[in-house]
>>> print(open('final-v5.txt').read())   # compact mmCIF, C-alpha atoms and all ligand atoms
# COMPACT_ATOMS: atom_id res chain seq x y z
CA MET N 1 115.22 159.51 128.24
CA LYS N 2 116.77 162.96 128.47
CA ALA N 3 114.77 165.83 129.96
CA LEU N 4 115.51 169.50 130.64
CA ARG N 5 114.41 169.98 134.24
CA LYS N 6 114.04 172.66 136.87
CA LEU N 7 115.55 170.82 139.81
CA GLU N 8 115.05 173.23 142.73
CA PRO N 9 113.30 176.57 143.34
CA GLY N 10 115.27 179.80 142.95
CA PRO N 11 117.53 181.16 140.18
CA GLY N 12 119.20 178.65 137.85
CA GLN N 13 118.84 175.00 138.96
CA VAL N 14 118.09 173.89 135.39
CA ALA N 15 119.85 170.93 133.72
CA VAL N 16 119.44 168.10 131.23
CA VAL N 17 119.11 164.90 133.26
CA GLU N 18 118.38 161.24 132.56
CA VAL N 19 114.90 160.14 133.71
CA PRO N 20 112.84 156.97 133.07
CA ASP N 21 110.62 156.96 129.93
CA PRO N 22 107.11 157.91 131.09
CA ASP N 23 104.16 155.52 130.58
CA PRO N 24 100.82 157.00 129.50
CA GLY N 25 98.15 156.65 132.18
CA ARG N 26 94.42 156.12 131.62
CA GLY N 27 93.13 158.59 129.02
CA GLN N 28 96.66 159.73 128.20
CA VAL N 29 98.96 159.42 125.23
CA ARG N 30 102.73 159.51 125.02
CA ILE N 31 104.04 162.01 122.47
CA ARG N 32 107.47 161.79 120.88
CA VAL N 33 108.35 165.49 120.99
CA MET N 34 109.74 166.73 117.68
CA ARG N 35 109.85 170.43 118.58
CA GLY N 36 109.45 172.44 121.77
CA GLY N 37 109.20 176.23 121.81
CA ILE N 38 111.14 178.38 124.28
CA CYS N 39 108.89 180.96 125.89
CA GLY N 40 109.40 183.97 128.15
CA THR N 41 107.90 181.83 130.91
CA ASP N 42 110.77 179.33 130.56
CA LEU N 43 113.23 182.21 130.97
CA HIS N 44 111.31 183.44 134.03
CA ILE N 45 111.45 179.90 135.46
CA TYR N 46 115.18 179.74 134.75
CA HIS N 47 115.69 182.98 136.68
CA GLY N 48 113.42 181.92 139.53
CA LEU N 49 110.83 184.59 138.70
CA PHE N 50 107.77 182.40 138.07
CA SER N 51 105.66 181.55 141.11
CA LYS N 52 103.67 178.68 139.56
CA VAL N 53 106.63 176.36 138.98
CA ARG N 54 106.73 173.12 141.01
CA PRO N 55 110.24 171.66 140.88
CA PRO N 56 111.51 169.11 140.14
CA VAL N 57 109.68 169.35 136.81
CA THR N 58 110.52 169.05 133.10
CA LEU N 59 110.20 172.41 131.33
CA GLY N 60 108.41 173.12 128.03
CA HIS N 61 104.75 173.91 127.44
CA GLU N 62 104.88 174.56 123.68
CA LEU N 63 105.29 171.39 121.66
CA ALA N 64 104.53 169.33 118.58
CA GLY N 65 105.28 165.71 117.82
CA THR N 66 103.87 162.31 116.96
CA ILE N 67 101.85 159.97 119.14
CA ASP N 68 104.16 157.22 120.34
CA ALA N 69 101.91 155.15 122.65
CA LEU N 70 98.28 155.12 123.79
CA GLY N 71 97.22 154.70 127.40
CA PRO N 72 94.17 152.63 128.42
CA GLY N 73 90.82 154.03 127.31
CA VAL N 74 92.14 156.18 124.45
CA ASP N 75 90.15 155.88 121.19
CA HIS N 76 90.14 158.16 118.16
CA TRP N 77 93.93 158.53 118.11
CA ASN N 78 96.62 156.35 116.54
CA VAL N 79 100.33 155.88 117.02
CA GLY N 80 102.05 158.10 114.46
CA ASP N 81 99.41 160.87 114.40
CA ARG N 82 101.00 164.34 114.14
CA VAL N 83 99.75 166.48 116.99
CA THR N 84 100.17 169.45 119.23
CA ALA N 85 98.79 169.56 122.77
CA GLU N 86 97.10 172.12 124.95
CA SER N 87 99.49 173.09 127.73
CA GLU N 88 96.73 172.60 130.29
CA ALA N 89 97.50 169.21 131.85
CA PHE N 90 94.84 169.39 134.57
CA SER N 91 91.88 171.51 135.63
CA CYS N 92 89.50 170.49 138.42
CA GLY N 93 86.27 170.24 136.40
CA GLN N 94 84.28 171.27 139.51
CA CYS N 95 84.87 174.99 140.13
CA ARG N 96 82.57 177.66 138.68
CA TRP N 97 85.19 178.53 136.05
CA CYS N 98 85.68 174.96 134.84
CA ARG N 99 81.93 174.49 134.70
CA ALA N 100 81.69 177.58 132.51
CA ALA N 101 84.44 176.16 130.22
CA MET N 102 86.94 178.78 131.43
CA THR N 103 89.44 176.17 132.56
CA ASN N 104 92.33 178.60 131.98
CA ILE N 105 91.41 180.40 135.22
CA CYS N 106 90.71 177.28 137.29
CA PRO N 107 92.51 177.81 140.64
CA GLU N 108 93.75 174.21 140.45
CA ARG N 109 94.94 174.35 136.83
CA LEU N 110 98.26 172.62 136.25
CA ALA N 111 100.21 173.25 133.07
CA LEU N 112 102.83 171.25 131.24
CA GLY N 113 106.33 172.53 131.83
CA TYR N 114 105.79 173.97 135.29
CA GLY N 115 102.90 172.17 137.06
CA VAL N 116 103.65 168.75 135.53
CA ASP N 117 106.43 167.42 133.29
CA GLY N 118 106.52 169.21 129.94
CA GLY N 119 107.88 168.87 126.44
CA PHE N 120 111.62 169.57 126.64
CA ALA N 121 112.20 165.81 126.72
CA THR N 122 112.26 162.82 124.36
CA PHE N 123 108.67 161.99 125.41
CA VAL N 124 105.82 163.71 127.22
CA CYS N 125 102.61 162.11 128.50
CA THR N 126 99.42 164.14 128.50
CA ARG N 127 95.63 163.70 128.35
CA ALA N 128 94.29 162.66 124.94
CA SER N 129 91.57 165.31 125.31
CA ALA N 130 94.32 167.97 125.07
CA LEU N 131 95.44 166.86 121.61
CA HIS N 132 94.91 168.72 118.35
CA ARG N 133 95.77 167.19 115.01
CA LEU N 134 98.21 169.32 113.02
CA PRO N 135 96.71 170.44 109.70
CA GLU N 136 98.45 168.70 106.76
CA THR N 137 100.12 171.91 105.63
CA ILE N 138 101.55 172.64 109.09
CA GLY N 139 105.00 171.34 110.05
CA PHE N 140 106.35 170.59 113.53
CA ASP N 141 108.09 173.99 113.77
CA GLU N 142 104.80 175.80 113.31
CA GLY N 143 103.00 173.18 115.39
CA ALA N 144 105.20 174.05 118.34
CA LEU N 145 104.06 177.66 117.97
CA SER N 146 100.37 176.74 118.33
CA GLU N 147 100.44 177.47 122.06
CA PRO N 148 101.63 181.08 121.75
CA LEU N 149 99.14 181.44 118.87
CA THR N 150 96.32 180.42 121.21
CA VAL N 151 97.52 183.02 123.72
CA ALA N 152 97.08 185.63 120.98
CA VAL N 153 93.70 184.25 119.91
CA HIS N 154 92.45 184.32 123.51
CA ALA N 155 93.60 187.92 123.99
CA VAL N 156 92.23 189.23 120.69
CA GLU N 157 89.07 187.22 120.12
CA GLU N 158 88.02 186.24 123.62
CA ARG N 159 89.12 189.10 125.89
CA ALA N 160 89.19 192.22 123.72
CA GLU N 161 86.10 193.68 122.12
CA LEU N 162 87.78 194.45 118.86
CA LYS N 163 85.67 195.95 116.08
CA THR N 164 86.59 195.87 112.39
CA GLY N 165 88.54 199.02 111.56
CA ALA N 166 89.57 199.66 115.18
CA TRP N 167 92.98 201.11 115.93
CA VAL N 168 95.10 198.60 117.79
CA LEU N 169 98.39 199.06 119.62
CA VAL N 170 100.66 196.11 120.33
CA THR N 171 103.52 196.91 122.72
CA GLY N 172 106.37 194.42 122.51
CA PRO N 173 107.13 192.76 119.14
CA GLY N 174 108.14 189.40 120.65
CA PRO N 175 106.56 186.14 119.51
CA VAL N 176 103.24 186.77 121.27
CA GLY N 177 103.14 190.42 120.13
CA LEU N 178 103.71 189.38 116.50
CA LEU N 179 100.96 186.77 116.83
CA VAL N 180 98.56 189.27 118.42
CA LEU N 181 99.34 191.53 115.45
CA GLN N 182 98.38 188.78 112.99
CA VAL N 183 95.22 187.71 114.81
CA ALA N 184 94.13 191.35 115.28
CA ARG N 185 94.69 191.96 111.56
CA ALA N 186 92.63 188.87 110.74
CA ALA N 187 89.89 190.38 112.94
CA GLY N 188 89.96 193.61 110.93
CA GLY N 189 92.08 195.77 113.25
CA ARG N 190 94.52 198.43 112.06
CA VAL N 191 97.60 197.61 114.05
CA ILE N 192 100.47 199.75 115.30
CA VAL N 193 103.39 197.89 116.90
CA SER N 194 105.85 199.54 119.27
CA GLY N 195 109.25 198.45 120.51
CA THR N 196 112.73 199.78 121.22
CA ARG N 197 115.79 200.12 119.01
CA LYS N 198 116.90 196.62 119.90
CA ASP N 199 113.63 195.37 118.36
CA THR N 200 114.40 196.93 114.96
CA ASP N 201 114.49 193.58 113.10
CA ARG N 202 111.31 192.44 114.81
CA LEU N 203 109.57 195.68 113.82
CA VAL N 204 110.63 195.19 110.20
CA LEU N 205 108.99 191.77 110.40
CA ALA N 206 105.91 193.36 112.02
CA GLU N 207 105.54 195.57 108.93
CA ARG N 208 105.90 192.54 106.67
CA LEU N 209 103.18 190.81 108.69
CA GLY N 210 100.77 193.68 108.15
CA ALA N 211 101.37 196.39 110.76
CA GLU N 212 100.11 199.80 109.56
CA ALA N 213 102.95 201.50 111.40
CA VAL N 214 105.75 200.73 113.83
CA ILE N 215 107.14 203.00 116.55
CA LEU N 216 110.56 203.03 118.19
CA VAL N 217 109.65 204.33 121.65
CA ASP N 218 113.25 205.28 122.49
CA VAL N 219 113.57 207.36 119.31
CA GLN N 220 110.09 208.84 118.81
CA ASP N 221 107.48 210.12 121.28
CA PRO N 222 104.99 207.23 121.12
CA LEU N 223 101.91 209.26 122.07
CA GLU N 224 102.66 211.98 119.52
CA ARG N 225 103.17 209.37 116.76
CA ILE N 226 100.01 207.47 117.67
CA LEU N 227 97.87 210.63 117.63
CA GLU N 228 99.40 211.51 114.26
CA ILE N 229 98.73 208.05 112.80
CA THR N 230 95.18 207.78 114.15
CA GLY N 231 94.21 211.36 113.24
CA GLY N 232 94.00 212.42 116.89
CA ARG N 233 91.66 209.59 117.89
CA GLY N 234 94.00 207.38 119.91
CA ILE N 235 93.95 203.64 120.35
CA ASP N 236 90.74 201.63 120.70
CA THR N 237 92.36 198.45 121.96
CA ALA N 238 95.91 198.10 123.28
CA PHE N 239 97.61 194.74 123.87
CA GLU N 240 100.49 195.01 126.32
CA CYS N 241 102.70 192.09 125.32
CA SER N 242 106.09 193.07 126.75
CA GLY N 243 105.72 192.81 130.53
CA VAL N 244 107.58 196.12 130.89
CA SER N 245 106.02 198.94 132.92
CA ALA N 246 107.09 201.68 130.47
CA ALA N 247 105.06 199.90 127.80
CA ALA N 248 102.03 199.63 130.08
CA HIS N 249 102.40 203.36 130.69
CA ASN N 250 102.39 203.96 126.91
CA CYS N 251 99.20 201.91 126.59
CA ILE N 252 97.44 203.96 129.29
CA GLU N 253 98.49 207.19 127.58
CA ALA N 254 97.64 206.12 124.03
CA VAL N 255 94.26 204.50 124.58
CA ARG N 256 91.20 206.67 123.91
CA ARG N 257 88.47 207.45 126.44
CA ARG N 258 86.50 204.24 127.17
CA GLY N 259 89.12 202.27 125.27
CA GLU N 260 90.54 198.99 126.51
CA ILE N 261 93.90 197.55 127.46
CA VAL N 262 94.47 193.82 127.45
CA GLN N 263 97.44 192.82 129.61
CA VAL N 264 99.06 189.79 127.99
CA GLY N 265 102.69 190.01 129.13
CA LEU N 266 103.76 188.90 132.59
CA TYR N 267 106.09 191.13 134.60
CA GLY N 268 107.44 188.51 137.02
CA ARG N 269 107.88 191.24 139.64
CA PRO N 270 105.94 194.19 141.13
CA VAL N 271 106.00 197.33 138.97
CA SER N 272 104.86 200.90 139.54
CA LEU N 273 102.33 202.53 137.21
CA GLU N 274 100.47 205.85 136.96
CA LEU N 275 96.84 204.67 136.84
CA ASP N 276 94.94 207.94 137.31
CA PRO N 277 94.70 208.62 133.54
CA ALA N 278 93.09 205.18 133.13
CA THR N 279 90.53 206.09 135.80
CA MET N 280 89.78 209.50 134.32
CA LYS N 281 89.44 208.15 130.77
CA GLU N 282 87.36 205.21 132.03
CA VAL N 283 89.72 202.76 130.39
CA GLN N 284 89.04 199.05 130.85
CA ILE N 285 92.09 197.02 131.83
CA LYS N 286 91.72 193.26 131.43
CA GLY N 287 94.03 190.33 131.92
CA ALA N 288 94.38 187.61 129.29
CA PHE N 289 95.90 184.36 130.50
CA THR N 290 96.61 181.31 128.36
CA HIS N 291 93.67 179.65 126.55
CA THR N 292 90.76 177.22 126.72
CA HIS N 293 89.82 174.23 124.57
CA ALA N 294 87.63 176.51 122.44
CA THR N 295 90.60 178.82 121.85
CA TRP N 296 92.62 175.91 120.47
CA ARG N 297 89.94 174.89 118.02
CA ARG N 298 89.80 178.45 116.80
CA ALA N 299 93.61 178.69 116.50
CA MET N 300 93.73 175.45 114.47
CA ASP N 301 91.14 176.93 112.08
CA LEU N 302 93.20 180.12 111.68
CA LEU N 303 96.29 178.00 110.97
CA ALA N 304 94.59 175.62 108.54
CA GLY N 305 92.98 178.57 106.73
CA GLY N 306 96.28 180.43 106.37
CA ALA N 307 95.07 183.52 108.27
CA VAL N 308 98.28 183.53 110.28
CA ASP N 309 101.82 182.59 109.26
CA LEU N 310 104.02 181.15 111.97
CA ARG N 311 107.04 180.29 109.82
CA PRO N 312 108.67 183.75 109.82
CA LEU N 313 108.74 183.64 113.63
CA VAL N 314 111.11 180.67 113.85
CA SER N 315 114.69 181.93 114.27
CA GLY N 316 116.55 178.74 115.09
CA THR N 317 116.36 175.15 116.36
CA TYR N 318 118.77 173.65 118.89
CA PRO N 319 119.40 170.13 120.25
CA LEU N 320 118.27 169.57 123.85
CA ASN N 321 121.88 169.59 125.09
CA ALA N 322 122.38 173.07 123.63
CA TRP N 323 119.48 174.47 125.67
CA GLU N 324 121.72 177.06 127.35
CA THR N 325 122.68 178.57 124.00
CA ALA N 326 119.05 178.50 122.91
CA PHE N 327 117.84 180.15 126.14
CA GLY N 328 120.62 182.74 125.76
CA GLN N 329 119.49 183.52 122.20
CA ALA N 330 115.86 183.84 123.34
CA GLU N 331 116.95 186.13 126.17
CA ALA N 332 119.12 188.32 123.93
CA GLY N 333 116.07 189.06 121.77
CA ALA N 334 118.17 188.68 118.62
CA GLY N 335 115.59 186.59 116.77
CA ILE N 336 111.94 185.85 117.47
CA LYS N 337 111.32 182.27 118.51
CA TYR N 338 113.85 179.54 119.29
CA LEU N 339 112.95 175.87 119.27
CA ILE N 340 114.38 172.77 120.94
CA ASP N 341 114.62 169.48 119.03
CA PRO N 342 114.59 166.84 121.79
CA GLN N 343 115.29 164.03 119.28
CA ASP N 344 118.62 165.58 118.31
CA ALA N 345 121.30 164.08 120.54
CA GLY N 346 123.86 166.79 119.58
ZN ZN N 401 104.52 180.12 126.45
ZN ZN N 402 88.39 174.25 138.12
>>> encode(input="final-v5.txt", output="structure tokens", more="lines below")
Ligand SMILES: [Zn+2]
Ligand SMILES: [Zn+2]
Amino acid sequence: MKALRKLEPGPGQVAVVEVPDPDPGRGQVRIRVMRGGICGTDLHIYHGLFSKVRPPVTLGHELAGTIDALGPGVDHWNVGDRVTAESEAFSCGQCRWCRAAMTNICPERLALGYGVDGGFATFVCTRASALHRLPETIGFDEGALSEPLTVAVHAVEERAELKTGAWVLVTGPGPVGLLVLQVARAAGGRVIVSGTRKDTDRLVLAERLGAEAVILVDVQDPLERILEITGGRGIDTAFECSGVSAAAHNCIEAVRRRGEIVQVGLYGRPVSLELDPATMKEVQIKGAFTHTHATWRRAMDLLAGGAVDLRPLVSGTYPLNAWETAFGQAEAGAGIKYLIDPQDAG
């Protein structure tokens, strides 16, 4: 089969190569991948800026497809079932975090697409316990966006302490930012989304998806606008989704005393930040990283119930061989989310 692989550490070193079809091991299934989502992490891996990658490895941790083969010991699933899969391929099951069902922070966690072979390939093998059936109304395009949706659900519902009516700031209207917006809205937040002039189209979409207001930080003074919008109160909960230090700075400035900032974006490099205002306002800063099994169940409920709409986020689908164009589009920030169709030989 064909697979898009990171071949060596460092910048670049990514190519479509021919590899043997994988066989599902005990407790695993083989999925025929219909769609794989390109994520900021894939771009970081491409540029050699992601420390967790273990080359040689097939990229892609966001996927949807149909079950193609069952390994030994797999019940409750059938060939042909439409599924998506948790990106967590392995967690140790023994550490204090695993035993508390927080497998996302297991020190030995391995994820599809950088710890083990992922979904930018004709087939991927993964544990049957990672599977989630796609709701009938949900297509493969949206199915491939389940993983970023779970990132948003984890940040909003499991890390933040968001109250109905709270003022929320989302910095960075990329795919995860637009999903955090939708999940925060579903949780009763009043959401302001900020970005730069190059995000104009994404901010228009943010308004369509329910943002109370959007801010162009390179045109308007973000703090002034936020105080105006919130009647001088400031932000209760900020979600930093851009991985840009200027945005983190805006979060620290805009959040009220005893407010909270959830850091969702990854920077991929050291950054410098003025933290004294956070100390003096007693702001809580929390990380939010990936998702657990419980997060996925919750995300599937939100999807099936129509509380979030993933379709407007899909900007284009490319054959596996056109991955460079697709990565370039994702990097340029022209659209929102670009998908790979590994079954398209084009
Ligand atoms: Zn991702
Ligand atoms: Zn563990």
>>> atom_distance(input="final-v5.txt", atom1="CA of Arg208 in chain N", atom2="CA of Ser146 in chain N")
20.4 Å
>>> closest_atom_pairs(input="final-v5.txt", of="chain N", to="ligand ZN 401 (chain N)", cutoff="12 Å", atoms="all atoms listed in the file", output="tab-separated table")
residue	atom	partner	partner_atom	distance
N:Gly36	CA	N:ZN401	ZN	10.3
N:Gly37	CA	N:ZN401	ZN	7.7
N:Ile38	CA	N:ZN401	ZN	7.2
N:Cys39	CA	N:ZN401	ZN	4.5
N:Gly40	CA	N:ZN401	ZN	6.4
N:Thr41	CA	N:ZN401	ZN	5.9
N:Asp42	CA	N:ZN401	ZN	7.5
N:Leu43	CA	N:ZN401	ZN	10.0
N:His44	CA	N:ZN401	ZN	10.7
N:Ile45	CA	N:ZN401	ZN	11.4
N:Leu59	CA	N:ZN401	ZN	10.7
N:Gly60	CA	N:ZN401	ZN	8.2
N:His61	CA	N:ZN401	ZN	6.3
N:Glu62	CA	N:ZN401	ZN	6.2
N:Leu63	CA	N:ZN401	ZN	10.0
N:Glu86	CA	N:ZN401	ZN	11.0
N:Ser87	CA	N:ZN401	ZN	8.7
N:Glu88	CA	N:ZN401	ZN	11.5
N:Ala111	CA	N:ZN401	ZN	10.5
N:Leu112	CA	N:ZN401	ZN	10.2
N:Gly113	CA	N:ZN401	ZN	9.5
N:Tyr114	CA	N:ZN401	ZN	10.8
N:Gly118	CA	N:ZN401	ZN	11.6
N:Gly119	CA	N:ZN401	ZN	11.7
N:Ala144	CA	N:ZN401	ZN	10.2
N:Leu145	CA	N:ZN401	ZN	8.8
N:Ser146	CA	N:ZN401	ZN	9.7
N:Glu147	CA	N:ZN401	ZN	6.6
N:Pro148	CA	N:ZN401	ZN	5.6
N:Leu149	CA	N:ZN401	ZN	9.4
N:Thr150	CA	N:ZN401	ZN	9.7
N:Val151	CA	N:ZN401	ZN	8.1
N:Ala152	CA	N:ZN401	ZN	10.8
N:Gly174	CA	N:ZN401	ZN	11.5
N:Pro175	CA	N:ZN401	ZN	9.4
N:Val176	CA	N:ZN401	ZN	8.5
N:Val264	CA	N:ZN401	ZN	11.2
N:Gly265	CA	N:ZN401	ZN	10.4
N:Leu266	CA	N:ZN401	ZN	10.7
N:Phe289	CA	N:ZN401	ZN	10.4
N:Thr290	CA	N:ZN401	ZN	8.2
N:His291	CA	N:ZN401	ZN	10.9
N:Lys337	CA	N:ZN401	ZN	10.7
N:Tyr338	CA	N:ZN401	ZN	11.8
N:Leu339	CA	N:ZN401	ZN	11.9
>>> residues_around(input="final-v5.txt", residues="Asp309 in chain N", least_positions_apart="3", cutoff="10 Å", atoms="all atoms listed in the file", output="count of residues only")
10
>>> residues_near_ligand(input="final-v5.txt", ligand="ligand ZN 402 (chain N)", cutoff="8 Å", atoms="all atoms listed in the file", output="ChimeraX atom specification")
/N:91-99,103,105-109
>>> residues_around(input="final-v5.txt", residues="Ala213 in chain N", least_positions_apart="5", cutoff="12 Å", atoms="only C-alpha atoms", output="number ranges by chain")
N: 167-170, 181, 190-195, 203-208, 222, 225-226, 228-230
>>> residues_near_point(input="final-v5.txt", point="(110.3, 172.5, 138.7)", cutoff="8 Å", atoms="all atoms listed in the file", output="JSON, numbers by chain")
{"N": [5, 6, 7, 8, 9, 53, 54, 55, 56, 57, 58, 59, 113, 114, 115]}
>>> atom_distance(input="final-v5.txt", atom1="CA of Ala69 in chain N", atom2="CA of His132 in chain N")
15.9 Å
>>> atom_distance(input="final-v5.txt", atom1="CA of Gln329 in chain N", atom2="CA of Pro342 in chain N")
17.4 Å
>>> residues_around(input="final-v5.txt", residues="Arg257 in chain N", least_positions_apart="4", cutoff="12 Å", atoms="all atoms listed in the file", output="JSON list (two decimals) with C-alpha atoms, in the frame of the given file")
[["chain", "number", "residue", "atom", "x", "y", "z"],
["N", 233, "ARG", "CA", 91.66, 209.59, 117.89],
["N", 234, "GLY", "CA", 94.00, 207.38, 119.91],
["N", 235, "ILE", "CA", 93.95, 203.64, 120.35],
["N", 236, "ASP", "CA", 90.74, 201.63, 120.70],
["N", 237, "THR", "CA", 92.36, 198.45, 121.96],
["N", 252, "ILE", "CA", 97.44, 203.96, 129.29],
["N", 253, "GLU", "CA", 98.49, 207.19, 127.58],
["N", 261, "ILE", "CA", 93.90, 197.55, 127.46],
["N", 277, "PRO", "CA", 94.70, 208.62, 133.54],
["N", 278, "ALA", "CA", 93.09, 205.18, 133.13],
["N", 279, "THR", "CA", 90.53, 206.09, 135.80],
["N", 280, "MET", "CA", 89.78, 209.50, 134.32],
["N", 281, "LYS", "CA", 89.44, 208.15, 130.77],
["N", 282, "GLU", "CA", 87.36, 205.21, 132.03],
["N", 283, "VAL", "CA", 89.72, 202.76, 130.39],
["N", 284, "GLN", "CA", 89.04, 199.05, 130.85]]
>>> residues_near_point(input="final-v5.txt", point="(109.5, 193.5, 128.1)", cutoff="8 Å", atoms="all atoms listed in the file", output="CSV table (one decimal) with C-alpha atoms, in the coordinates of the input")
chain,number,residue,atom,x,y,z
N,172,GLY,CA,106.4,194.4,122.5
N,241,CYS,CA,102.7,192.1,125.3
N,242,SER,CA,106.1,193.1,126.8
N,243,GLY,CA,105.7,192.8,130.5
N,244,VAL,CA,107.6,196.1,130.9
N,247,ALA,CA,105.1,199.9,127.8
N,265,GLY,CA,102.7,190.0,129.1
N,267,TYR,CA,106.1,191.1,134.6
>>> closest_residue(input="final-v5.txt", among="N:Gln13, N:Gln28, N:Asn78, N:Thr137", to="Met300 in chain N", atoms="only C-alpha atoms")
N:Thr137
>>> closest_residue(input="final-v5.txt", among="N:Val217, N:Ala3, N:Val180, N:Val83", to="Leu320 in chain N", atoms="all atoms listed in the file")
N:Ala3
>>> closest_residue(input="final-v5.txt", among="N:Arg127, N:Arg298, N:His47, N:Arg30", to="Asp68 in chain N", atoms="all atoms listed in the file")
N:Arg30
>>> closest_residue(input="final-v5.txt", among="N:Ala345, N:Cys251, N:Ala101, N:Val308", to="Thr295 in chain N", atoms="all atoms listed in the file")
N:Ala101
>>> closest_residue(input="final-v5.txt", among="N:Gly73, N:Lys2, N:Ala160, N:Asp218", to="Gly346 in chain N", atoms="only C-alpha atoms")
N:Lys2
>>> axis_aligned_box(input="final-v5.txt", around="range 187-193 of chain N", padding_each_side="8 Å", output="JSON")
{"center_x": 96.6, "center_y": 195.1, "center_z": 113.9, "size_x": 29.5, "size_y": 25.4, "size_z": 22.0}
>>> residues_around(input="final-v5.txt", residues="Leu131 in chain N", least_positions_apart="5", cutoff="10 Å", atoms="all atoms listed in the file", output="list of chain:residue names")
N:Gln28, N:Val29, N:Ile31, N:Ala64, N:Ile67, N:Trp77, N:Arg82, N:Val83, N:Thr84, N:Ala85, N:Glu86, N:Ser87, N:Thr126, N:His293, N:Trp296
>>> closest_residue(input="final-v5.txt", among="N:Ala89, N:Val14, N:Ala307, N:Met1", to="Phe327 in chain N", atoms="all atoms listed in the file")
N:Val14
>>> decode(input="final-v5.txt", residues="range 106-145 of chain N", atoms="C-alpha atoms", output="compact mmCIF listing (two decimals), in the first residue's frame")
# COMPACT_ATOMS: atom_id res chain seq x y z
CA CYS N 106 0.35 8.90 30.32
CA PRO N 107 4.15 9.34 30.00
CA GLU N 108 4.24 6.28 27.72
CA ARG N 109 1.32 7.31 25.50
CA LEU N 110 1.92 6.65 21.81
CA ALA N 111 -0.29 8.28 19.21
CA LEU N 112 -1.13 7.37 15.65
CA GLY N 113 0.76 9.43 13.12
CA TYR N 114 3.86 10.10 15.20
CA GLY N 115 4.35 7.33 17.81
CA VAL N 116 3.02 4.52 15.59
CA ASP N 117 1.89 4.36 11.95
CA GLY N 118 -1.09 6.62 11.30
CA GLY N 119 -3.87 7.22 8.81
CA PHE N 120 -2.27 8.85 5.76
CA ALA N 121 -2.18 5.42 4.11
CA THR N 122 -4.51 2.98 2.36
CA PHE N 123 -4.89 1.07 5.65
CA VAL N 124 -4.17 1.65 9.32
CA CYS N 125 -4.25 -0.94 12.12
CA THR N 126 -5.31 0.14 15.58
CA ARG N 127 -6.87 -1.26 18.77
CA ALA N 128 -10.58 -2.07 18.50
CA SER N 129 -11.09 -0.33 21.87
CA ALA N 130 -10.17 2.97 20.16
CA LEU N 131 -13.03 2.77 17.66
CA HIS N 132 -16.15 4.92 17.61
CA ARG N 133 -19.02 4.23 15.26
CA LEU N 134 -19.85 7.22 13.07
CA PRO N 135 -23.42 8.42 13.64
CA GLU N 136 -25.61 7.70 10.56
CA THR N 137 -25.87 11.38 9.69
CA ILE N 138 -22.09 11.91 9.79
CA GLY N 139 -20.01 11.44 6.64
CA PHE N 140 -16.32 10.52 6.38
CA ASP N 141 -15.28 14.18 5.95
CA GLU N 142 -16.81 15.10 9.29
CA GLY N 143 -15.68 11.79 10.78
CA ALA N 144 -12.09 12.73 10.07
CA LEU N 145 -12.66 15.91 12.08
